[in-house]
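Reproduced below: final-v1.txt, with compact mmCIF, C-alpha atoms.
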# COMPACT_ATOMS: atom_id res chain seq x y z
CA MET A 1 143.07 97.72 164.26
CA GLY A 2 145.77 100.21 163.74
CA LYS A 3 146.50 98.67 160.39
CA PHE A 4 143.06 99.52 159.04
CA GLN A 5 143.15 103.11 160.17
CA LYS A 6 146.37 103.70 158.36
CA LYS A 7 144.95 102.48 155.05
CA ARG A 8 141.82 104.60 155.24
CA GLY A 9 143.85 107.68 155.73
CA LYS A 10 145.84 107.10 152.57
CA ALA A 11 143.13 106.46 149.86
CA LYS A 12 140.67 109.27 149.22
CA PRO A 13 137.06 108.03 149.31
CA THR A 14 135.69 109.01 145.89
CA ILE A 15 132.76 107.40 144.11
CA SER A 16 133.94 105.91 140.87
CA THR A 17 132.30 107.62 137.89
CA ALA A 18 133.56 104.98 135.51
CA SER A 19 130.23 103.14 135.53
CA LEU A 20 128.19 106.25 134.74
CA PRO A 21 128.60 105.89 130.98
CA ASP A 22 127.40 102.32 131.31
CA ILE A 23 124.24 103.52 132.98
CA ILE A 24 123.64 106.13 130.28
CA PHE A 25 124.36 103.60 127.55
CA MET A 26 121.85 101.29 129.15
CA LEU A 27 119.28 104.08 128.97
CA LEU A 28 120.16 104.68 125.33
CA PHE A 29 119.80 101.01 124.48
CA PHE A 30 116.56 100.77 126.39
CA PHE A 31 115.02 103.56 124.36
CA MET A 32 116.45 102.22 121.13
CA VAL A 33 114.88 98.82 121.75
CA VAL A 34 111.55 100.12 123.03
CA THR A 35 110.96 102.66 120.26
CA VAL A 36 108.81 101.14 117.54
CA LEU A 37 109.32 102.89 114.26
CA ARG A 38 107.15 100.79 112.02
CA GLU A 39 105.14 97.77 113.00
CA SER A 40 105.47 95.85 109.81
CA GLU A 41 107.30 95.80 106.54
CA GLU A 42 105.47 97.42 103.66
CA LYS A 43 105.06 94.80 101.00
CA VAL A 44 102.97 96.98 98.73
CA ALA A 45 103.95 100.22 97.06
CA GLN A 46 102.67 103.22 98.95
CA SER A 47 102.53 106.61 97.35
CA LEU A 48 99.78 108.16 99.40
CA PRO A 49 97.48 110.80 97.93
CA GLU A 50 97.57 114.36 99.18
CA ALA A 51 94.80 116.12 101.06
CA THR A 52 94.20 119.17 103.20
CA GLU A 53 91.46 118.15 105.64
CA LEU A 54 93.58 115.86 107.76
CA THR A 55 92.95 114.33 111.15
CA LYS A 56 95.82 112.94 113.16
CA LEU A 57 95.64 109.43 114.53
CA GLU A 58 96.39 109.90 118.19
CA LYS A 59 96.09 106.57 119.97
CA LYS A 60 98.21 104.01 118.18
CA SER A 61 96.75 101.08 120.10
CA LEU A 62 93.29 101.85 118.73
CA VAL A 63 94.37 101.90 115.10
CA ASN A 64 94.62 99.02 112.69
CA TYR A 65 96.23 99.34 109.30
CA LEU A 66 95.00 98.08 105.98
CA LEU A 67 97.49 98.60 103.19
CA VAL A 68 96.57 98.48 99.54
CA GLY A 69 98.81 98.85 96.54
CA LYS A 70 100.87 97.09 93.93
CA PRO A 71 103.22 94.50 95.43
CA VAL A 72 106.78 95.80 95.54
CA GLN A 73 109.36 94.46 93.08
CA LYS A 74 110.50 91.40 95.04
CA TYR A 75 106.98 90.08 95.55
CA GLN A 76 105.80 90.67 92.01
CA ASN A 77 106.79 87.18 90.84
CA THR A 78 104.51 85.56 93.40
CA TYR A 79 101.70 88.07 93.68
CA GLY A 80 101.65 89.81 90.30
CA THR A 81 101.25 93.51 89.75
CA LYS A 82 97.58 93.87 90.52
CA PRO A 83 96.75 95.87 93.66
CA GLN A 84 96.84 93.67 96.74
CA LEU A 85 95.69 94.02 100.30
CA GLN A 86 98.19 93.70 103.11
CA LEU A 87 96.99 93.01 106.65
CA GLY A 88 99.63 93.08 109.35
CA ASP A 89 102.80 91.91 107.67
CA LYS A 90 101.36 89.57 105.07
CA PHE A 91 99.28 89.65 101.93
CA ALA A 92 95.66 88.83 102.54
CA ASP A 93 92.38 88.32 100.81
CA ILE A 94 89.59 90.81 101.29
CA LYS A 95 87.56 88.02 102.93
CA GLU A 96 90.05 87.96 105.80
CA ILE A 97 89.19 91.49 106.94
CA PRO A 98 86.46 90.54 109.48
CA LEU A 99 88.84 88.15 111.23
CA PHE A 100 91.59 90.78 111.23
CA ILE A 101 89.23 93.35 112.78
CA GLU A 102 87.99 90.81 115.32
CA LYS A 103 91.55 89.93 116.33
CA HIS A 104 92.33 93.57 116.94
CA ARG A 105 89.14 94.06 118.94
CA SER A 106 89.97 91.19 121.26
CA LYS A 107 93.22 92.93 122.21
CA VAL A 108 91.48 96.20 123.06
CA ASN A 109 89.65 97.15 126.23
CA GLU A 110 85.94 96.53 125.71
CA LYS A 111 85.00 100.14 126.38
CA GLU A 112 87.36 101.39 123.74
CA ILE A 113 86.12 99.19 120.90
CA PRO A 114 83.87 101.90 119.41
CA ALA A 115 86.87 104.20 119.22
CA ILE A 116 88.88 101.87 116.98
CA ILE A 117 89.87 103.47 113.70
CA SER A 118 90.88 101.60 110.58
CA SER A 119 93.62 103.41 108.74
CA LEU A 120 93.40 102.72 105.03
CA LYS A 121 96.78 103.28 103.48
CA ILE A 122 95.97 103.12 99.84
CA ASP A 123 98.25 103.87 96.95
CA GLY A 124 96.91 106.76 94.89
CA ASP A 125 97.02 104.83 91.62
CA VAL A 126 94.72 102.06 92.83
CA THR A 127 91.25 102.04 91.30
CA MET A 128 88.14 102.34 93.42
CA GLY A 129 87.01 98.76 92.78
CA ILE A 130 89.15 97.12 95.45
CA VAL A 131 88.65 100.11 97.75
CA THR A 132 84.87 99.72 97.54
CA ASP A 133 85.11 96.00 98.29
CA ILE A 134 87.23 96.73 101.35
CA LYS A 135 84.80 99.40 102.52
CA THR A 136 81.90 96.98 102.14
CA GLU A 137 83.76 94.34 104.13
CA LEU A 138 84.54 96.88 106.87
CA ARG A 139 80.91 97.93 107.04
CA LYS A 140 79.84 94.31 107.31
CA SER A 141 82.15 93.80 110.27
CA GLY A 142 80.84 96.94 111.93
CA GLN A 143 84.10 98.83 111.63
CA LEU A 144 82.74 102.21 110.59
CA LYS A 145 85.44 104.63 111.63
CA VAL A 146 87.84 104.87 108.76
CA ASN A 147 90.76 107.11 108.06
CA TYR A 148 91.96 107.48 104.47
CA SER A 149 95.64 107.96 105.03
CA ALA A 150 97.00 110.95 103.16
CA LYS A 151 99.90 113.33 103.15
CA LYS A 152 99.56 117.00 103.86
CA ARG A 153 99.31 118.97 100.67
CA VAL A 154 101.82 121.76 100.46
CA ASP A 155 100.55 124.60 98.35
CA MET B 1 159.05 105.10 142.03
CA ALA B 2 158.13 101.75 140.59
CA ARG B 3 156.44 100.75 143.79
CA LYS B 4 154.35 103.88 143.80
CA ARG B 5 153.07 103.32 140.22
CA ASP B 6 152.05 99.79 141.10
CA ARG B 7 149.84 100.96 143.88
CA ASN B 8 147.58 103.30 141.88
CA ALA B 9 147.75 102.50 138.19
CA PRO B 10 147.37 105.51 135.85
CA GLU B 11 143.78 105.56 134.64
CA VAL B 12 142.17 107.52 131.84
CA ASN B 13 139.58 109.80 133.36
CA ALA B 14 136.27 108.13 132.49
CA GLY B 15 134.11 110.86 133.95
CA SER B 16 133.53 112.55 130.64
CA MET B 17 132.34 109.32 129.01
CA ALA B 18 128.95 109.93 130.59
CA ASP B 19 128.78 113.34 128.93
CA ILE B 20 129.59 111.82 125.56
CA ALA B 21 126.89 109.19 125.99
CA PHE B 22 124.44 111.85 127.11
CA LEU B 23 125.26 113.93 124.07
CA LEU B 24 124.54 110.91 121.85
CA LEU B 25 121.29 110.21 123.68
CA ILE B 26 120.10 113.79 123.35
CA PHE B 27 121.15 113.98 119.70
CA PHE B 28 119.04 110.93 118.86
CA LEU B 29 116.15 112.12 120.99
CA VAL B 30 116.07 115.40 119.09
CA THR B 31 116.58 114.09 115.58
CA THR B 32 114.13 111.18 115.77
CA THR B 33 110.74 112.18 114.49
CA ILE B 34 108.13 109.56 115.08
CA ALA B 35 105.89 109.70 112.04
CA VAL B 36 102.32 110.50 113.01
CA ASP B 37 99.80 109.07 110.62
CA SER B 38 97.16 111.41 109.43
CA GLY B 39 94.38 111.23 106.94
CA VAL B 40 90.83 112.08 106.01
CA LEU B 41 88.50 110.75 108.70
CA VAL B 42 85.30 109.22 107.38
CA LYS B 43 82.38 107.51 109.05
CA LEU B 44 80.94 104.71 106.96
CA PRO B 45 77.24 103.94 107.06
CA PRO B 46 76.30 100.70 108.84
CA TRP B 47 75.74 97.68 106.64
CA SER B 48 72.27 96.30 106.15
CA ASN B 49 71.17 93.52 103.87
CA GLU B 50 67.95 95.19 102.93
CA PRO B 51 68.04 97.88 100.30
CA PRO B 52 67.83 101.35 101.80
CA PRO B 53 64.32 102.76 102.02
CA GLU B 54 63.24 104.96 99.17
CA MET B 55 63.50 108.51 100.24
CA LYS B 56 61.65 111.30 98.62
CA LEU B 57 64.15 114.05 98.27
CA ASN B 58 63.56 117.35 96.72
CA SER B 59 66.08 117.47 93.91
CA ARG B 60 67.01 121.02 94.80
CA ASN B 61 68.52 119.72 98.04
CA VAL B 62 70.68 117.09 96.40
CA TYR B 63 74.14 117.92 95.17
CA SER B 64 75.13 114.98 93.06
CA VAL B 65 78.75 114.43 92.20
CA LEU B 66 79.71 111.72 89.75
CA VAL B 67 83.28 110.70 89.12
CA ASN B 68 83.70 108.40 86.16
CA ALA B 69 86.43 105.96 85.20
CA ASN B 70 88.25 108.70 83.27
CA ASN B 71 88.35 110.75 86.46
CA ASP B 72 86.01 113.38 85.01
CA LEU B 73 83.50 115.10 87.23
CA LEU B 74 79.83 115.51 86.57
CA VAL B 75 78.22 117.82 89.10
CA ARG B 76 74.44 118.16 88.98
CA GLY B 77 74.45 117.08 85.37
CA GLU B 78 77.23 119.36 84.23
CA PRO B 79 80.94 118.72 83.80
CA LYS B 80 83.06 120.57 86.31
CA SER B 81 86.69 120.90 87.26
CA ILE B 82 87.86 119.82 90.70
CA ASP B 83 89.28 123.30 91.30
CA ASP B 84 85.80 124.84 91.22
CA LEU B 85 84.18 122.14 93.32
CA ARG B 86 84.83 123.62 96.74
CA ALA B 87 83.41 127.07 96.01
CA ASP B 88 80.46 125.59 94.16
CA THR B 89 79.63 123.24 97.03
CA LYS B 90 79.77 126.07 99.52
CA GLU B 91 77.42 128.15 97.44
CA PHE B 92 75.02 125.24 97.10
CA ILE B 93 74.86 124.56 100.83
CA MET B 94 74.46 128.12 102.02
CA ASN B 95 72.47 129.36 99.04
CA PRO B 96 73.22 133.02 99.76
CA LYS B 97 71.07 134.33 96.92
CA LYS B 98 68.12 132.09 97.89
CA LEU B 99 67.96 130.54 94.46
CA ASP B 100 65.31 127.88 94.03
CA ASN B 101 67.69 125.32 92.53
CA MET B 102 69.94 125.16 95.57
CA ALA B 103 69.54 123.84 99.11
CA GLU B 104 66.60 125.23 101.08
CA LYS B 105 68.79 125.42 104.14
CA PRO B 106 72.11 123.84 105.14
CA THR B 107 70.44 121.15 107.26
CA LYS B 108 68.57 119.85 104.24
CA ALA B 109 71.52 119.76 101.88
CA ILE B 110 72.73 116.31 100.89
CA ILE B 111 75.86 115.56 98.95
CA SER B 112 75.57 112.46 96.85
CA LEU B 113 78.86 111.00 95.70
CA LYS B 114 79.08 108.27 93.15
CA ASN B 115 82.02 106.78 91.36
CA ASP B 116 82.96 103.97 88.99
CA ARG B 117 85.02 101.00 90.02
CA GLY B 118 87.62 102.29 87.62
CA THR B 119 87.93 105.73 89.20
CA SER B 120 91.39 106.30 90.54
CA TYR B 121 91.72 106.56 94.30
CA ASN B 122 93.69 109.79 93.91
CA THR B 123 90.75 111.51 92.26
CA TYR B 124 88.23 110.04 94.64
CA LEU B 125 90.08 111.26 97.68
CA GLU B 126 90.67 114.66 96.12
CA VAL B 127 86.95 115.06 95.49
CA TYR B 128 86.09 113.83 98.98
CA ASN B 129 88.66 116.20 100.42
CA GLU B 130 87.16 119.15 98.53
CA LEU B 131 83.65 118.32 99.75
CA LYS B 132 84.84 118.00 103.31
CA ALA B 133 86.85 121.19 102.97
CA ALA B 134 83.73 123.03 101.83
CA TYR B 135 81.94 122.01 105.01
CA ASN B 136 84.91 122.78 107.21
CA GLU B 137 85.23 126.24 105.69
CA LEU B 138 81.55 126.95 106.19
CA ARG B 139 81.73 125.87 109.82
CA ASN B 140 84.78 128.02 110.29
CA GLU B 141 83.05 131.03 108.78
CA GLU B 142 80.03 130.49 111.00
CA ALA B 143 82.20 130.15 114.10
CA ASN B 144 84.04 133.33 113.21
CA LYS B 145 80.81 135.18 112.66
CA ARG B 146 79.33 134.07 115.97
CA TYR B 147 82.26 133.88 118.30
CA GLY B 148 85.10 135.56 116.45
CA LYS B 149 87.19 132.40 116.66
CA ASP B 150 88.01 129.49 114.41
CA TYR B 151 85.87 126.37 114.70
CA SER B 152 88.64 124.33 116.27
CA TYR B 153 89.17 126.92 119.02
CA ILE B 154 85.62 127.12 120.38
CA ASP B 155 84.35 124.73 123.05
CA ARG B 156 82.58 121.48 122.35
CA VAL B 157 79.06 122.66 123.04
CA LYS B 158 79.39 125.49 120.56
CA GLN B 159 81.04 123.16 118.07
CA LYS B 160 78.10 120.83 118.31
CA GLU B 161 75.72 123.72 117.78
CA ILE B 162 77.46 124.66 114.57
CA ARG B 163 77.76 121.03 113.51
CA GLU B 164 74.00 120.67 113.85
CA MET B 165 73.45 123.83 111.89
CA ILE B 166 75.70 122.71 109.06
CA PRO B 167 75.65 118.92 109.19
CA LEU B 168 78.01 117.01 106.96
CA VAL B 169 75.95 114.58 104.92
CA ILE B 170 77.85 112.79 102.21
CA SER B 171 75.95 109.86 100.87
CA GLU B 172 77.90 107.40 98.78
CA ALA B 173 76.12 105.25 96.28
CA GLU B 174 77.29 101.83 95.20
CA PRO B 175 79.73 102.34 92.35
CA THR B 176 79.00 101.29 88.83
CA ASN B 177 81.13 98.63 87.23
CA PHE B 178 82.88 100.73 84.65
CA GLY B 179 86.48 100.69 83.73
CA GLU B 180 87.93 98.25 86.21
CA GLU B 181 91.14 96.71 85.00
CA ASN B 182 91.31 92.98 85.40
Please rewrite the model in this file as C-alpha cells.
Amino acid sequence: MGKFQKKRGKAKPTISTASLPDIIFMLLFFFMVVTVLRESEEKVAQSLPEATELTKLEKKSLVNYLLVGKPVQKYQNTYGTKPQLQLGDKFADIKEIPLFIEKHRSKVNEKEIPAIISSLKIDGDVTMGIVTDIKTELRKSGQLKVNYSAKKRVD
Amino acid sequence: MARKRDRNAPEVNAGSMADIAFLLLIFFLVTTTIAVDSGVLVKLPPWSNEPPPEMKLNSRNVYSVLVNANNDLLVRGEPKSIDDLRADTKEFIMNPKKLDNMAEKPTKAIISLKNDRGTSYNTYLEVYNELKAAYNELRNEEANKRYGKDYSYIDRVKQKEIREMIPLVISEAEPTNFGEEN
C-alpha cells in the first residue's frame, strides 16, 4: 500500500497532449476525403460561354449534368472530333438521356423530383444542332428545368 | 545521473504539433473554394406529339428574332447587332411611345426565337441572355418605381405581381436545318 502512495507522489498527473495532433490530423483527413471537388472527369472540352443573367445551382443533389463538347485530345482517336455528349463519366448517345434522367430521379425523394435541374455544360463552339436534339430528348422525358451553364461576364 | 535519465526520457514537446495541424487545417479551409455552378435558367415547354395549335397572334405583339448559321441576327425582318438587342427588346415590350407596331401591353408581348442547326451555341446563349436581361431590367425598373427596391429584394408576393405584369414569354421554334457540319 505504502509503495503505491510513494509513486503517485513522484509523477505529476498531466494529460498527454501528444495525441492531440493525431486527432486534428484525423479531422483534416476526414474533411479531405469527404470533400467532393468534381464528380467526374471531363472527357469533353469545356470552354463555357459567358452570360450576365445567372442563377446559382444551390442543391447539388437535385442537379444532373449533361456535358457537350469536342472530346479532349486523348479520346479523339476513339471518338473523333465531333461534339459528343457525356453523361456521368462516360460518353453517351443522345438516346440514353431518358434513362440517365430516370436513374437520377430514382435516387431523389419523390417530392423533390419536380425541383430537379439539368445543368447543360456546353462548349461555346458547339453548333445548335446537337443542343436542340438534347433539348428535345429532355422535353420528351419531362425534364423541363434546364440551366445553361455559363461563366459570369466581367465587363 | 544515468539512473535519473532512464526514468523519464527526454521528450520533444509535442504540444505545439496540434497548433501546426490546426494551422494547416485552417489554411486549407480558407483557400479551398468550392466551385458553385451557375448558368442561365430556362424552362422548356412540355413535349407533345401533336403539332401546337395555330394561334392567331397580332403581328405587332410578336418580336421575332432569327439567328442564322452565320450567327447574324434578323430582328423583325431587319438585321441587327447583338449590342442593340437589349434596348430594342425593352422598348418593344413597354412601348413607351404607344406606337402601333409594338406590343399593346407587356402581358401580350411574345418573343419568338428561332435559330439554325448551324448557329453557334455561343451566339445562341448570348442572344438568350440579352432577351432575359431585357426582362430582368424591366422588372427591376418596375420594382424600383413601385417599392423603391430592386426586384430581388422585394418579397415573393410583390415579385409575383410584377412577374405577372411583365411575363417572360420566349417561344422557341424548331430550328431549320441550315449549316450543320457533319
What's the 12 Å shell around Tyr153 (chain B), counting all atoms listed in the file, without same-chain residues fewer than 4 positions away, as a PyMOL selection string?
chain B and resi 139-140+143-144+147-149+157-159
Excluding Tyr148 (chain A) and residues on its chain fewer than 5 positions from it, collect all residues at most 7 Å away from it, counting only C-alpha atoms, and give them as number ranges by chain.
A: 119-121; B: 39-41
List every protein, DNA or RNA residue that has an atom no more than 10 Å from (89.6, 101.4, 119.7) in the file's coordinate frame, counting all atoms listed in the file, and report them as an MDAnalysis selection string.
chainID A and resid 59:64 104:105 107:118 145
Around the point (87.6, 104.9, 92.5) in the file's coordinates, collect all residues with an atom within 7 Å, using only C-alpha atoms, and return them as a list in words.
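Those residues, ordered by chain and then number, are Thr127, Met128 and Gly129 of chain A; Asn115, Asp116, Arg117, Gly118, Thr119, Ser120, Tyr121 and Tyr124 of chain B.
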Return as a PyMOL selection string the residues belonging to chain A that are within 8 Å of chain B, counting all atoms listed in the file.
chain A and resi 17-18+20-22+24-25+28+37+49-58+122-132+135-136+139-140+142+144-151
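CA of Glu96 (chain A) is positioned 12.7 Å from CA of Gln84 (chain A).
If you count only C-alpha atoms and ignore residues fewer than 2 places along the chain from Lys82 (chain A), what sits within 8 Å of it is A:Gly69, A:Lys70, A:Pro71, A:Tyr79, A:Gly80, A:Gln84.
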Only C-alpha atoms, please: the residues just picked out, written as a PDB file, in the frame of the given file.
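After the write, out-v7.pdb holds the following:
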ATOM      1  CA  GLY A  69      98.810  98.850  96.540  1.00  0.00           C
ATOM      2  CA  LYS A  70     100.870  97.090  93.930  1.00  0.00           C
ATOM      3  CA  PRO A  71     103.220  94.500  95.430  1.00  0.00           C
ATOM      4  CA  TYR A  79     101.700  88.070  93.680  1.00  0.00           C
ATOM      5  CA  GLY A  80     101.650  89.810  90.300  1.00  0.00           C
ATOM      6  CA  GLN A  84      96.840  93.670  96.740  1.00  0.00           C
TER       7      GLN A  84
END
What is the distance, in Å and to one decimal place, between CA of Ile170 (chain B) and CA of Asn68 (chain B)?
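Interatomic distance, CA of Ile170 (chain B) to CA of Asn68 (chain B): 17.6 Å.
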With all atoms listed in the file as the counted atoms, please give the residues lying no more than 10 Å from Leu168 (chain B), apart from itself and same-chain residues fewer than 3 positions off, as a list in words.
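Surrounding residues, per the criterion: Pro106, Thr107, Ala109, Ile110, Ile111, Leu131, Lys132, Ala134, Tyr135, Asn136, Arg163, Glu164, Met165 and Ser171 of chain B.
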Would you output that residue set with C-alpha atoms, as a tab-separated table (two decimals), in the coordinates of the input?
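Done, and the output landed in selection.tsv:
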chain	number	residue	atom	x	y	z
B	106	PRO	CA	72.11	123.84	105.14
B	107	THR	CA	70.44	121.15	107.26
B	109	ALA	CA	71.52	119.76	101.88
B	110	ILE	CA	72.73	116.31	100.89
B	111	ILE	CA	75.86	115.56	98.95
B	131	LEU	CA	83.65	118.32	99.75
B	132	LYS	CA	84.84	118.00	103.31
B	134	ALA	CA	83.73	123.03	101.83
B	135	TYR	CA	81.94	122.01	105.01
B	136	ASN	CA	84.91	122.78	107.21
B	163	ARG	CA	77.76	121.03	113.51
B	164	GLU	CA	74.00	120.67	113.85
B	165	MET	CA	73.45	123.83	111.89
B	171	SER	CA	75.95	109.86	100.87
Separation of CA of Leu48 (chain A) from CA of Lys80 (chain B) in Å
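Computed distance, CA of Lys80 (chain B) to CA of Leu48 (chain A), equals 24.6 Å.
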Only all heavy atoms, as an mmCIF file, in the first residue's frame: that is what I want for region 31-41 of chain B.
data_model
loop_
_atom_site.group_PDB
_atom_site.id
_atom_site.type_symbol
_atom_site.label_atom_id
_atom_site.label_comp_id
_atom_site.auth_asym_id
_atom_site.auth_seq_id
_atom_site.Cartn_x
_atom_site.Cartn_y
_atom_site.Cartn_z
ATOM 1 N N THR B 31 -8.491 28.517 -48.113
ATOM 2 C CA THR B 31 -8.112 28.649 -49.527
ATOM 3 C C THR B 31 -8.997 27.836 -50.465
ATOM 4 O O THR B 31 -9.081 28.148 -51.636
ATOM 5 C CB THR B 31 -6.650 28.225 -49.752
ATOM 6 O OG1 THR B 31 -6.442 26.962 -49.144
ATOM 7 C CG2 THR B 31 -5.690 29.252 -49.181
ATOM 8 N N THR B 32 -9.635 26.776 -49.966
ATOM 9 C CA THR B 32 -10.466 25.967 -50.851
ATOM 10 C C THR B 32 -11.730 26.728 -51.218
ATOM 11 O O THR B 32 -12.476 27.159 -50.349
ATOM 12 C CB THR B 32 -10.881 24.648 -50.177
ATOM 13 O OG1 THR B 32 -9.735 24.061 -49.596
ATOM 14 C CG2 THR B 32 -11.505 23.698 -51.167
ATOM 15 N N THR B 33 -11.942 26.931 -52.495
ATOM 16 C CA THR B 33 -13.214 27.488 -52.922
ATOM 17 C C THR B 33 -13.937 26.401 -53.681
ATOM 18 O O THR B 33 -13.442 25.895 -54.677
ATOM 19 C CB THR B 33 -13.020 28.702 -53.835
ATOM 20 O OG1 THR B 33 -12.040 28.359 -54.810
ATOM 21 C CG2 THR B 33 -12.602 29.927 -53.070
ATOM 22 N N ILE B 34 -15.072 26.025 -53.188
ATOM 23 C CA ILE B 34 -15.856 25.007 -53.880
ATOM 24 C C ILE B 34 -16.622 25.705 -54.985
ATOM 25 O O ILE B 34 -17.425 26.611 -54.732
ATOM 26 C CB ILE B 34 -16.793 24.283 -52.912
ATOM 27 C CG1 ILE B 34 -15.953 23.554 -51.860
ATOM 28 C CG2 ILE B 34 -17.695 23.317 -53.651
ATOM 29 C CD1 ILE B 34 -16.716 23.053 -50.689
ATOM 30 N N ALA B 35 -16.323 25.305 -56.224
ATOM 31 C CA ALA B 35 -16.911 25.980 -57.372
ATOM 32 C C ALA B 35 -18.420 25.796 -57.387
ATOM 33 O O ALA B 35 -18.920 24.678 -57.352
ATOM 34 C CB ALA B 35 -16.311 25.420 -58.654
ATOM 35 N N VAL B 36 -19.148 26.892 -57.390
ATOM 36 C CA VAL B 36 -20.604 26.829 -57.500
ATOM 37 C C VAL B 36 -20.976 27.012 -58.961
ATOM 38 O O VAL B 36 -20.571 27.979 -59.589
ATOM 39 C CB VAL B 36 -21.270 27.923 -56.643
ATOM 40 C CG1 VAL B 36 -22.778 27.823 -56.731
ATOM 41 C CG2 VAL B 36 -20.826 27.812 -55.208
ATOM 42 N N ASP B 37 -21.718 26.042 -59.465
ATOM 43 C CA ASP B 37 -22.132 26.151 -60.859
ATOM 44 C C ASP B 37 -23.238 27.175 -60.999
ATOM 45 O O ASP B 37 -24.143 27.238 -60.187
ATOM 46 C CB ASP B 37 -22.640 24.795 -61.354
ATOM 47 C CG ASP B 37 -21.493 23.900 -61.717
ATOM 48 O OD1 ASP B 37 -20.609 24.373 -62.444
ATOM 49 O OD2 ASP B 37 -21.465 22.751 -61.264
ATOM 50 N N SER B 38 -23.137 27.954 -62.038
ATOM 51 C CA SER B 38 -24.210 28.898 -62.292
ATOM 52 C C SER B 38 -24.451 28.973 -63.796
ATOM 53 O O SER B 38 -23.595 28.614 -64.591
ATOM 54 C CB SER B 38 -23.844 30.270 -61.740
ATOM 55 O OG SER B 38 -22.639 30.699 -62.310
ATOM 56 N N GLY B 39 -25.633 29.419 -64.132
ATOM 57 C CA GLY B 39 -25.959 29.488 -65.545
ATOM 58 C C GLY B 39 -27.305 30.149 -65.765
ATOM 59 O O GLY B 39 -27.937 30.622 -64.830
ATOM 60 N N VAL B 40 -27.705 30.162 -67.023
ATOM 61 C CA VAL B 40 -28.973 30.792 -67.383
ATOM 62 C C VAL B 40 -30.081 29.761 -67.207
ATOM 63 O O VAL B 40 -30.080 28.722 -67.860
ATOM 64 C CB VAL B 40 -28.930 31.284 -68.846
ATOM 65 C CG1 VAL B 40 -30.210 31.996 -69.199
ATOM 66 C CG2 VAL B 40 -27.732 32.188 -69.059
ATOM 67 N N LEU B 41 -31.014 30.034 -66.307
ATOM 68 C CA LEU B 41 -32.088 29.088 -66.025
ATOM 69 C C LEU B 41 -33.204 29.238 -67.047
ATOM 70 O O LEU B 41 -33.659 30.346 -67.318
ATOM 71 C CB LEU B 41 -32.628 29.318 -64.616
ATOM 72 C CG LEU B 41 -33.446 28.185 -64.027
ATOM 73 C CD1 LEU B 41 -32.569 26.964 -63.806
ATOM 74 C CD2 LEU B 41 -34.070 28.595 -62.716
#
